>>> print(open('entry-v2.txt').read())   # compact mmCIF, C-alpha atoms
# COMPACT_ATOMS: atom_id res chain seq x y z
CA MET A 1 -11.28 -76.48 56.36
CA THR A 2 -10.03 -74.08 59.02
CA GLN A 3 -10.35 -70.36 58.65
CA GLU A 4 -6.56 -70.19 58.29
CA GLU A 5 -6.61 -72.69 55.40
CA ILE A 6 -9.38 -70.75 53.69
CA VAL A 7 -7.38 -67.54 53.97
CA ASN A 8 -4.20 -69.23 52.71
CA ASP A 9 -6.08 -70.64 49.71
CA ARG A 10 -7.51 -67.23 48.97
CA ILE A 11 -4.04 -65.64 49.17
CA GLU A 12 -2.70 -68.21 46.75
CA VAL A 13 -5.49 -67.36 44.29
CA ALA A 14 -4.72 -63.66 44.73
CA VAL A 15 -1.00 -64.11 44.11
CA ARG A 16 -1.67 -66.22 41.01
CA GLY A 17 -3.96 -63.43 39.76
CA LEU A 18 -1.45 -60.68 40.49
CA VAL A 19 1.32 -62.34 38.50
CA SER A 20 0.20 -64.07 35.33
CA ASN A 21 1.72 -65.02 32.02
CA ALA A 22 0.35 -65.63 28.54
CA GLN A 23 1.91 -66.93 25.33
CA PHE A 24 1.66 -64.93 22.07
CA GLY A 25 3.52 -66.78 19.32
CA ASN A 26 7.18 -66.85 20.31
CA LYS A 27 6.66 -64.24 23.05
CA THR A 28 5.51 -64.58 26.62
CA VAL A 29 3.88 -61.63 28.35
CA VAL A 30 4.14 -61.51 32.12
CA SER A 31 1.74 -59.21 33.98
CA VAL A 32 3.23 -57.99 37.27
CA PRO A 33 1.69 -55.79 39.99
CA VAL A 34 3.77 -52.72 39.22
CA LEU A 35 1.19 -50.02 38.60
CA PHE A 36 1.01 -47.27 35.98
CA PRO A 37 -0.85 -44.05 36.86
CA SER A 38 -4.02 -45.49 35.27
CA GLY A 39 -3.89 -48.54 37.55
CA ALA A 40 -2.81 -50.82 34.70
CA HIS A 41 -0.25 -53.41 35.70
CA ALA A 42 3.03 -53.54 33.84
CA GLY A 43 3.13 -56.17 31.12
CA VAL A 44 6.62 -57.43 30.31
CA GLU A 45 7.28 -59.17 27.01
CA ILE A 46 9.93 -61.90 26.93
CA SER A 47 11.41 -63.62 23.89
CA LEU A 48 14.54 -65.64 23.27
CA ASN A 49 17.61 -63.77 22.09
CA GLY A 50 20.24 -66.41 21.39
CA ASP A 51 20.99 -68.14 24.67
CA ASP A 52 19.57 -65.19 26.60
CA CYS A 53 16.23 -63.39 26.77
CA PHE A 54 15.04 -60.10 25.33
CA VAL A 55 12.82 -58.47 27.95
CA SER A 56 10.77 -55.42 26.94
CA ASP A 57 7.78 -53.33 27.98
CA ALA A 58 6.74 -53.25 24.26
CA GLY A 59 6.12 -49.49 24.52
CA GLN A 60 3.53 -49.77 27.29
CA GLY A 61 5.10 -46.94 29.31
CA TYR A 62 5.07 -44.66 26.27
CA THR A 63 1.42 -45.51 25.57
CA GLU A 64 0.43 -44.95 29.19
CA ALA A 65 2.15 -41.54 29.16
CA GLY A 66 0.49 -40.74 25.83
CA ASN A 67 -2.93 -41.41 27.31
CA TYR A 68 -2.42 -38.27 29.40
CA ASN A 69 -0.65 -36.19 26.75
CA ALA A 70 2.68 -36.76 28.49
CA SER A 71 4.59 -38.28 25.53
CA ASP A 72 6.71 -35.14 25.18
CA PHE A 73 7.99 -35.65 28.73
CA TYR A 74 8.44 -39.40 28.44
CA ARG A 75 11.79 -39.41 26.67
CA HIS A 76 13.47 -37.50 29.48
CA SER A 77 11.79 -39.57 32.19
CA ALA A 78 12.64 -42.78 30.36
CA ARG A 79 16.33 -41.94 30.25
CA GLU A 80 16.35 -41.21 33.98
CA ALA A 81 14.52 -44.47 34.72
CA CYS A 82 16.95 -46.42 32.51
CA GLU A 83 19.89 -45.10 34.48
CA ARG A 84 18.21 -46.00 37.74
CA PHE A 85 17.24 -49.56 36.80
CA GLY A 86 19.96 -50.41 34.29
CA THR A 87 17.60 -50.86 31.37
CA SER A 88 17.76 -49.47 27.82
CA TYR A 89 15.40 -47.28 25.82
CA ASP A 90 14.94 -47.15 22.03
CA GLY A 91 12.63 -44.14 21.79
CA LEU A 92 9.54 -46.24 22.40
CA SER A 93 10.25 -49.34 24.51
CA MET A 94 12.23 -49.97 27.68
CA PHE A 95 14.16 -53.22 27.50
CA VAL A 96 17.00 -55.49 28.57
CA LEU A 97 18.61 -56.81 25.41
CA LYS A 98 20.29 -59.90 26.78
CA ALA A 99 19.05 -61.06 30.14
CA PRO A 100 20.59 -64.33 31.34
CA ILE A 101 17.82 -66.91 31.73
CA ASP A 102 18.92 -67.72 35.28
CA ARG A 103 18.51 -64.01 36.21
CA ILE A 104 15.26 -63.39 34.37
CA GLU A 105 13.45 -62.26 37.55
CA ALA A 106 15.72 -59.21 37.84
CA ALA A 107 15.15 -58.23 34.21
CA ILE A 108 11.36 -58.52 34.55
CA ALA A 109 11.38 -56.38 37.69
CA ALA A 110 13.76 -53.80 36.19
CA VAL A 111 11.81 -53.40 32.95
CA ALA A 112 8.43 -53.25 34.69
CA ASN A 113 9.62 -50.67 37.19
CA SER A 114 11.53 -48.50 34.75
CA SER A 115 8.51 -48.39 32.44
CA ALA A 116 6.07 -47.52 35.24
CA VAL A 117 8.40 -44.99 36.90
CA ALA A 118 9.08 -43.24 33.58
CA ALA A 119 5.37 -43.04 32.76
CA ARG A 120 4.50 -41.78 36.24
CA ASP A 121 7.21 -39.09 36.14
CA ALA A 122 6.16 -37.98 32.65
CA VAL A 123 2.50 -37.72 33.69
CA GLU A 124 3.44 -35.79 36.83
CA ARG A 125 5.50 -33.36 34.78
CA ALA A 126 2.69 -32.88 32.26
CA THR A 127 0.24 -32.26 35.08
CA ILE A 128 2.46 -29.74 36.82
CA GLU A 129 3.49 -27.94 33.64
CA LYS A 130 1.28 -24.95 33.05
CA SER A 131 0.02 -24.59 29.55
CA SER A 132 1.78 -21.71 27.91
CA ARG A 133 2.40 -20.32 24.48
CA THR A 134 3.98 -23.35 23.01
CA ASN A 135 4.08 -25.39 19.88
CA ALA A 136 0.71 -26.88 20.82
CA GLU A 137 -0.93 -23.48 20.73
CA LEU A 138 0.74 -22.65 17.43
CA PHE A 139 -0.55 -25.93 16.02
CA ASP A 140 -4.13 -25.00 16.89
CA ARG A 141 -3.78 -21.71 15.03
CA PHE A 142 -2.11 -23.35 12.04
CA LEU A 143 -5.02 -25.74 11.65
CA ASP A 144 -7.17 -22.69 10.97
CA PHE A 145 -4.58 -20.95 8.81
CA PHE A 146 -3.40 -23.79 6.59
CA GLY A 147 -6.08 -26.49 6.93
CA GLU A 148 -5.81 -29.87 8.66
CA LYS A 149 -4.38 -31.68 5.66
CA ASN A 150 -1.42 -29.30 5.36
CA VAL A 151 -0.19 -29.23 8.97
CA THR A 152 1.46 -31.93 11.06
CA LYS A 153 1.82 -31.42 14.80
CA THR A 154 5.13 -33.27 14.96
CA ALA A 155 7.08 -34.99 12.20
CA GLU A 156 10.42 -36.74 12.00
CA ILE A 157 12.65 -34.61 9.79
CA LYS A 158 16.09 -35.80 8.76
CA GLY A 159 18.95 -33.42 9.33
CA LYS A 160 22.49 -33.82 8.07
CA SER A 161 23.49 -36.01 11.01
CA VAL A 162 20.38 -37.15 12.88
CA THR A 163 16.59 -37.20 12.73
CA TRP A 164 14.62 -34.60 14.70
CA ASP A 165 11.06 -34.37 15.97
CA ALA A 166 10.03 -31.07 14.42
CA HIS A 167 6.85 -29.24 15.42
CA ASN A 168 4.28 -27.53 13.23
CA VAL A 169 5.41 -28.83 9.86
CA VAL A 170 3.46 -27.05 7.13
CA HIS A 171 3.20 -28.16 3.51
CA PHE A 172 2.11 -25.11 1.59
CA ARG A 173 2.33 -24.35 -2.12
CA GLY A 174 4.98 -26.97 -2.74
CA ALA A 175 7.23 -25.88 0.15
CA THR A 176 7.77 -27.51 3.53
CA SER A 177 8.15 -25.16 6.49
CA ILE A 178 8.88 -25.81 10.14
CA PHE A 179 7.60 -23.38 12.77
CA GLU A 180 9.39 -24.17 16.01
CA TYR A 181 8.63 -22.20 19.14
CA VAL A 182 11.80 -20.95 20.89
CA ALA A 183 11.47 -19.78 24.48
CA ASP A 184 13.89 -17.10 25.69
CA HIS A 185 15.67 -19.58 27.91
CA PRO A 186 19.21 -20.96 27.45
CA THR A 187 18.03 -24.60 27.36
CA SER A 188 15.38 -23.93 24.74
CA ILE A 189 17.73 -21.78 22.66
CA SER A 190 20.59 -24.30 22.68
CA SER A 191 18.37 -27.30 21.86
CA LYS A 192 16.64 -25.45 19.00
CA PHE A 193 19.98 -24.15 17.74
CA MET A 194 21.27 -27.71 17.47
CA MET A 195 18.15 -28.85 15.65
CA PHE A 196 18.02 -25.91 13.24
CA SER A 197 21.77 -26.24 12.50
CA ASP A 198 21.48 -29.88 11.57
CA LEU A 199 18.37 -29.31 9.43
CA HIS A 200 19.95 -26.24 7.85
CA ASN A 201 23.01 -28.30 6.83
CA ASN A 202 20.93 -30.98 5.11
CA SER A 203 20.83 -29.70 1.57
CA ASP A 204 19.01 -32.83 0.33
CA THR A 205 15.67 -31.67 1.71
CA PRO A 206 14.97 -27.97 1.21
CA LEU A 207 13.08 -26.65 4.21
CA ILE A 208 11.94 -23.24 5.34
CA LEU A 209 13.07 -22.99 8.95
CA ASN A 210 11.14 -20.57 11.13
CA ALA A 211 11.96 -19.78 14.75
CA VAL A 212 8.85 -18.46 16.49
CA LEU A 213 9.67 -16.04 19.31
CA GLU A 214 7.58 -13.96 21.67
CA ASP A 215 9.41 -10.84 20.60
CA VAL A 216 11.46 -10.58 17.41
CA VAL A 217 12.55 -6.98 18.08
CA GLU A 218 14.24 -7.35 21.43
CA VAL A 219 15.98 -10.66 20.90
CA SER A 220 18.55 -11.76 23.45
CA GLU A 221 22.17 -12.23 22.34
CA LYS A 222 21.94 -16.00 22.66
CA ALA A 223 18.68 -16.18 20.74
CA ARG A 224 20.25 -14.15 17.95
CA LEU A 225 22.56 -17.10 17.27
CA ILE A 226 19.56 -18.97 15.91
CA LYS A 227 19.17 -16.37 13.17
CA THR A 228 22.26 -17.80 11.46
CA VAL A 229 20.67 -21.21 10.98
CA THR A 230 17.06 -20.27 10.19
CA ASN A 231 15.26 -18.50 7.39
CA ASN A 232 12.95 -16.35 9.48
CA PHE A 233 12.32 -15.03 12.97
CA VAL A 234 8.57 -15.08 13.34
CA PRO A 235 6.69 -13.18 16.04
CA PHE A 236 4.31 -15.35 18.02
CA LYS A 237 1.55 -12.81 17.52
CA ALA A 238 1.97 -12.78 13.72
CA SER A 239 -1.26 -12.57 11.73
CA LYS A 240 -2.56 -15.28 9.44
CA GLU A 241 -1.28 -13.35 6.41
CA GLN A 242 2.21 -13.09 7.93
CA PHE A 243 2.33 -16.82 8.70
CA LEU A 244 1.24 -17.62 5.13
CA GLN A 245 4.05 -15.41 3.90
CA PHE A 246 6.65 -17.03 6.17
CA ALA A 247 5.50 -20.46 4.96
CA ARG A 248 6.62 -19.65 1.43
CA ALA A 249 9.49 -17.22 2.11
CA ALA A 250 12.83 -18.93 2.25
CA MET B 1 -9.05 -23.91 34.48
CA SER B 2 -9.57 -27.63 34.93
CA VAL B 3 -12.49 -29.51 33.45
CA SER B 4 -15.64 -29.27 35.58
CA VAL B 5 -17.97 -32.16 36.40
CA GLU B 6 -20.77 -30.46 34.45
CA GLU B 7 -18.56 -30.02 31.40
CA ALA B 8 -17.40 -33.64 31.59
CA VAL B 9 -20.95 -35.00 31.89
CA GLY B 10 -22.12 -32.72 29.08
CA LEU B 11 -19.31 -33.92 26.80
CA PHE B 12 -19.88 -37.55 27.74
CA LYS B 13 -23.55 -37.42 26.77
CA ALA B 14 -23.40 -35.05 23.79
CA GLU B 15 -23.59 -36.35 20.25
CA LYS B 16 -20.07 -36.50 18.84
CA ARG B 17 -18.30 -37.20 15.56
CA ILE B 18 -14.67 -38.15 15.01
CA MET B 19 -13.21 -35.72 12.52
CA GLN B 20 -11.26 -36.69 9.41
CA PRO B 21 -8.48 -37.44 8.70
CA ILE B 22 -8.97 -40.72 10.57
CA ARG B 23 -5.72 -42.50 9.77
CA TRP B 24 -3.49 -44.96 11.57
CA THR B 25 0.13 -43.90 11.77
CA ASP B 26 3.14 -45.88 12.91
CA ILE B 27 4.69 -45.05 16.28
CA PRO B 28 8.34 -45.67 15.42
CA ASN B 29 11.22 -46.34 17.73
CA ARG B 30 14.84 -45.42 17.14
CA THR B 31 15.37 -48.31 14.74
CA HIS B 32 12.31 -47.17 12.77
CA LYS B 33 10.63 -50.48 13.32
CA SER B 34 7.08 -49.85 14.35
CA PRO B 35 5.76 -52.14 17.04
CA GLN B 36 2.71 -49.91 17.56
CA SER B 37 0.31 -47.87 15.49
CA GLY B 38 -1.87 -45.05 16.69
CA LEU B 39 -4.74 -42.87 15.63
CA HIS B 40 -5.38 -39.37 17.00
CA CYS B 41 -8.26 -37.21 15.78
CA ARG B 42 -10.30 -34.22 16.77
CA VAL B 43 -13.84 -34.77 17.91
CA SER B 44 -16.75 -32.50 17.04
CA VAL B 45 -19.43 -32.04 19.67
CA LYS B 46 -22.91 -31.31 18.29
CA VAL B 47 -22.14 -28.72 15.62
CA VAL B 48 -18.84 -27.32 16.86
CA THR B 49 -15.31 -28.74 16.89
CA PRO B 50 -13.75 -27.79 20.21
CA ARG B 51 -9.98 -27.57 20.25
CA ASN B 52 -9.64 -29.66 23.37
CA VAL B 53 -11.48 -32.93 22.65
CA PHE B 54 -9.69 -35.81 20.94
CA PHE B 55 -10.18 -39.46 20.03
CA ARG B 56 -7.17 -41.73 20.44
CA ALA B 57 -6.56 -45.37 19.60
CA VAL B 58 -3.45 -47.52 19.99
CA ALA B 59 -2.91 -51.00 18.57
CA ASN B 60 0.02 -53.41 18.51
CA PRO B 61 0.16 -55.88 15.61
CA ALA B 62 1.90 -58.42 17.84
CA TYR B 63 -1.30 -58.60 19.92
CA PRO B 64 -4.12 -58.29 17.39
CA ASN B 65 -6.96 -58.60 19.91
CA SER B 66 -5.41 -56.08 22.28
CA PHE B 67 -6.01 -52.36 21.72
CA MET B 68 -7.09 -49.17 23.42
CA LEU B 69 -9.77 -46.64 22.45
CA GLN B 70 -10.02 -43.32 24.29
CA VAL B 71 -11.72 -39.91 24.22
CA GLU B 72 -9.76 -37.23 26.09
CA ILE B 73 -10.02 -33.57 27.00
CA ASP B 74 -7.15 -31.08 27.05
CA GLN B 75 -7.01 -29.06 30.23
CA GLU B 76 -6.41 -25.33 30.07
CA ALA B 77 -4.42 -25.15 33.28
CA SER B 78 -2.10 -28.08 32.62
CA ARG B 79 -0.49 -30.02 29.82
CA SER B 80 -2.04 -33.33 30.82
CA HIS B 81 -5.32 -34.72 29.53
CA ILE B 82 -8.43 -35.71 31.41
CA VAL B 83 -9.72 -39.07 30.18
CA LEU B 84 -13.43 -38.93 29.30
CA ALA B 85 -13.61 -42.66 28.61
CA ARG B 86 -11.28 -45.51 27.66
CA LEU B 87 -11.89 -49.05 26.53
CA ASP B 88 -9.00 -51.43 27.24
CA ALA B 89 -9.72 -54.38 24.99
CA CYS B 90 -8.04 -57.65 25.91
CA PRO B 91 -5.11 -55.88 27.65
CA THR B 92 -1.89 -57.84 27.97
CA SER B 93 -1.58 -56.91 31.65
CA ALA B 94 -3.96 -56.71 34.60
CA HIS B 95 -5.59 -53.62 36.12
CA THR B 96 -6.32 -52.83 39.76
CA ASN B 97 -8.76 -50.18 40.93
CA PRO B 98 -7.66 -48.02 43.87
CA MET B 99 -9.19 -48.61 47.30
CA HIS B 100 -11.44 -45.54 47.14
CA GLY B 101 -14.61 -44.82 45.19
CA PRO B 102 -18.02 -46.48 44.99
CA GLU B 103 -18.27 -49.85 46.75
CA GLU B 104 -18.94 -51.81 43.56
CA LEU B 105 -15.75 -50.48 41.93
CA ALA B 106 -13.24 -49.86 44.74
CA SER B 107 -10.35 -52.37 44.73
CA GLU B 108 -11.83 -54.29 41.81
CA PHE B 109 -9.23 -56.45 40.02
CA PHE B 110 -9.21 -57.12 36.28
CA ALA B 111 -7.03 -59.99 35.10
CA ALA B 112 -4.84 -59.69 32.00
CA GLY B 113 -6.99 -60.17 28.92
CA GLU B 114 -10.16 -58.96 30.65
CA THR B 115 -11.74 -56.17 28.59
CA HIS B 116 -12.85 -53.26 30.77
CA GLU B 117 -13.80 -49.60 30.51
CA HIS B 118 -12.80 -46.42 32.32
CA LEU B 119 -15.60 -43.84 32.47
CA ILE B 120 -15.20 -40.34 33.85
CA THR B 121 -18.67 -40.64 35.38
CA ASP B 122 -17.20 -43.26 37.76
CA ASN B 123 -14.33 -40.97 38.69
CA PHE B 124 -15.88 -37.99 40.44
CA ASN B 125 -15.03 -37.21 44.05
CA SER B 126 -17.64 -38.27 46.58
CA ASP B 127 -19.13 -34.77 46.76
CA MET B 128 -19.56 -34.91 42.96
CA THR B 129 -18.00 -31.46 42.52
CA SER B 130 -14.64 -32.40 41.02
CA ILE B 131 -12.90 -35.05 38.95
CA ARG B 132 -10.67 -37.48 40.80
CA GLY B 133 -7.13 -37.60 39.40
CA LEU B 134 -7.06 -37.68 35.61
CA GLY B 135 -10.52 -39.20 35.29
CA ASP B 136 -9.68 -42.85 34.75
CA GLY B 137 -8.43 -44.41 37.99
CA LEU B 138 -11.52 -46.58 38.51
CA ALA B 139 -12.40 -49.08 35.83
CA ARG B 140 -15.64 -51.01 35.36
CA LYS B 141 -16.42 -54.52 34.17
CA ILE B 142 -18.42 -54.92 30.97
CA ASP B 143 -21.22 -57.49 31.21
CA SER B 144 -20.88 -58.90 27.69
CA PRO B 145 -17.54 -57.57 26.53
CA PRO B 146 -17.07 -57.15 22.79
CA SER B 147 -14.19 -59.15 21.39
CA ARG B 148 -13.20 -58.03 17.89
CA PHE B 149 -11.97 -54.59 16.91
CA LEU B 150 -15.09 -53.47 15.08
CA SER B 151 -17.46 -54.66 17.79
CA CYS B 152 -15.31 -52.85 20.38
CA VAL B 153 -15.47 -49.66 18.31
CA ASN B 154 -19.26 -50.04 18.04
CA TYR B 155 -19.58 -50.60 21.77
CA PHE B 156 -17.33 -47.66 22.65
CA CYS B 157 -19.00 -45.29 20.19
CA ASP B 158 -22.47 -46.25 21.46
CA ARG B 159 -21.27 -45.61 25.01
CA LEU B 160 -19.89 -42.19 24.09
CA ASN B 161 -22.64 -41.24 21.61
CA ILE B 162 -20.16 -41.06 18.73
CA THR B 163 -22.17 -41.33 15.54
CA ASN B 164 -19.51 -42.17 12.95
CA GLY B 165 -17.51 -45.01 14.51
CA SER B 166 -17.90 -46.97 11.27
CA GLU B 167 -15.41 -44.57 9.66
CA ILE B 168 -12.58 -45.90 11.85
CA PRO B 169 -10.44 -48.27 9.75
CA LEU B 170 -9.01 -51.49 11.11
CA PRO B 171 -5.60 -50.94 12.76
CA GLY B 172 -2.96 -50.40 10.12
CA ASP B 173 -5.51 -50.42 7.28
CA ASN B 174 -6.05 -46.97 5.81
CA LYS B 175 -6.90 -48.29 2.35
CA GLN B 176 -10.65 -47.95 2.69
CA LEU B 177 -10.24 -44.19 2.99
CA LEU B 178 -8.69 -43.87 -0.44
>>> encode(input="entry-v2.txt", output="structure tokens")
Amino acid sequence: MTQEEIVNDRIEVAVRGLVSNAQFGNKTVVSVPVLFPSGAHAGVEISLNGDDCFVSDAGQGYTEAGNYNASDFYRHSAREACERFGTSYDGLSMFVLKAPIDRIEAAIAAVANSSAVAARDAVERATIEKSSRTNAELFDRFLDFFGEKNVTKTAEIKGKSVTWDAHNVVHFRGATSIFEYVADHPTSISSKFMMFSDLHNNSDTPLILNAVLEDVVEVSEKARLIKTVTNNFVPFKASKEQFLQFARAA
Amino acid sequence: MSVSVEEAVGLFKAEKRIMQPIRWTDIPNRTHKSPQSGLHCRVSVKVVTPRNVFFRAVANPAYPNSFMLQVEIDQEASRSHIVLARLDACPTSAHTNPMHGPEELASEFFAAGETHEHLITDNFNSDMTSIRGLGDGLARKIDSPPSRFLSCVNYFCDRLNITNGSEIPLPGDNKQLL
């Protein structure tokens, strides 16, 4: 065997290793050399969907982002990646719903890349973002105040129209309270206003809605709008006793 | 402040316990079907429970032999975690180590299905004064890799000096806690 033949054989082995597939019931998982930040290759799940194929990352991008505490940033990154690669996103997985079998290569590449790009962007954002007084910090304090069994870091709460990921959900003395941090920034105010409005209008589930602000005395005009759809404005520096009171004061 | 090498090594070696509640929860998508379940708990170190050390596990019922176990540290200066250690059991995709790092690990390739571990002790910069990336870029082969969930938990907990790994229920099975 010539040196060239040896090298060619070795390259063939390498290529076969870089792209592999395995069968799991009615699904095939293809591993492709598109790398996540951890160095994991993207795994793309393929199953039949009528005459076409359903091609999905099975939530791998979300999991990879979660490994670095970047889940909160993933949704935004995933939407951007979907637009770029023409894939779809269901809140967990990136997918192509109906990929023609004769174009399956494009769907595999698009799903693998959109998943990896979204995870990478989310991790980069989480790494750049400075920790600040946020819901995460409130959660740490609430664990002490209310006990681990009574506090949930994030929970899906149904509003009148849609379901929201609410932070710092406290179950205390028969009442359910939400303590959502609101930064004095138009984006934060408008997104929290939408959430509080929808939750406020859902009379099926009585909730105590608390907007936590840095300063409840000098509130900006825009932030004051939130007052109309919440029960309480809570100062971030409130004491344990004050938080306990807000958790039962509708 | 980011996590120092000394702090990472100290945490890696210290006796640890995973704190209750240790419960699997569904990770739903928009259709509320749950293709994944996860477990996220605080970890106590010796006699204290620091606010920045967590145990995480992710499983997917469609791939019962494939799951991930991880211990992670919150950083003060950033939102992202540093990974203290992770076991990727029978992953559905491959893993490639970067080209840097110790000779025995640099550019190592792990095929899909090959159980491997990421240890922060393999991910220090060459001068050993700082952590490279987020602590998990380089993975390591396991000589006799565990195969089933419970044996993987035992292996991982032994590695990390976690004393109560037996309290972790099987993925999706919280009944034994009741």
>>> closest_residue(input="entry-v2.txt", among="A:Glu156, A:Glu105, A:Glu124, A:Asp90", to="chain B", atoms="only C-alpha atoms")
A:Asp90
>>> closest_residue(input="entry-v2.txt", among="B:Ser44, B:Ser66, B:Gln36, B:Ser93", to="chain A", atoms="all atoms listed in the file")
B:Ser93
>>> interface_residues(input="entry-v2.txt", of="chain A", to="chain B", cutoff="8 Å", atoms="all atoms listed in the file", output="ChimeraX atom specification")
/A:17-18,20,24,29-33,37-43,58-59,63,67-70,90-93,123,126-131,140,149
>>> residues_near_point(input="entry-v2.txt", point="(17.4, -60.0, 27.9)", cutoff="9 Å", atoms="all atoms listed in the file", output="PyMOL selection string")
chain A and resi 46-49+52-56+95-101+104+107
>>> atom_distance(input="entry-v2.txt", atom1="CA of Glu15 in chain B", atom2="CA of Thr163 in chain B")
7.0 Å
>>> closest_residue(input="entry-v2.txt", among="B:Ala89, B:Cys41, B:Leu119, B:Val53", to="Lys153 in chain A", atoms="only C-alpha atoms")
B:Cys41
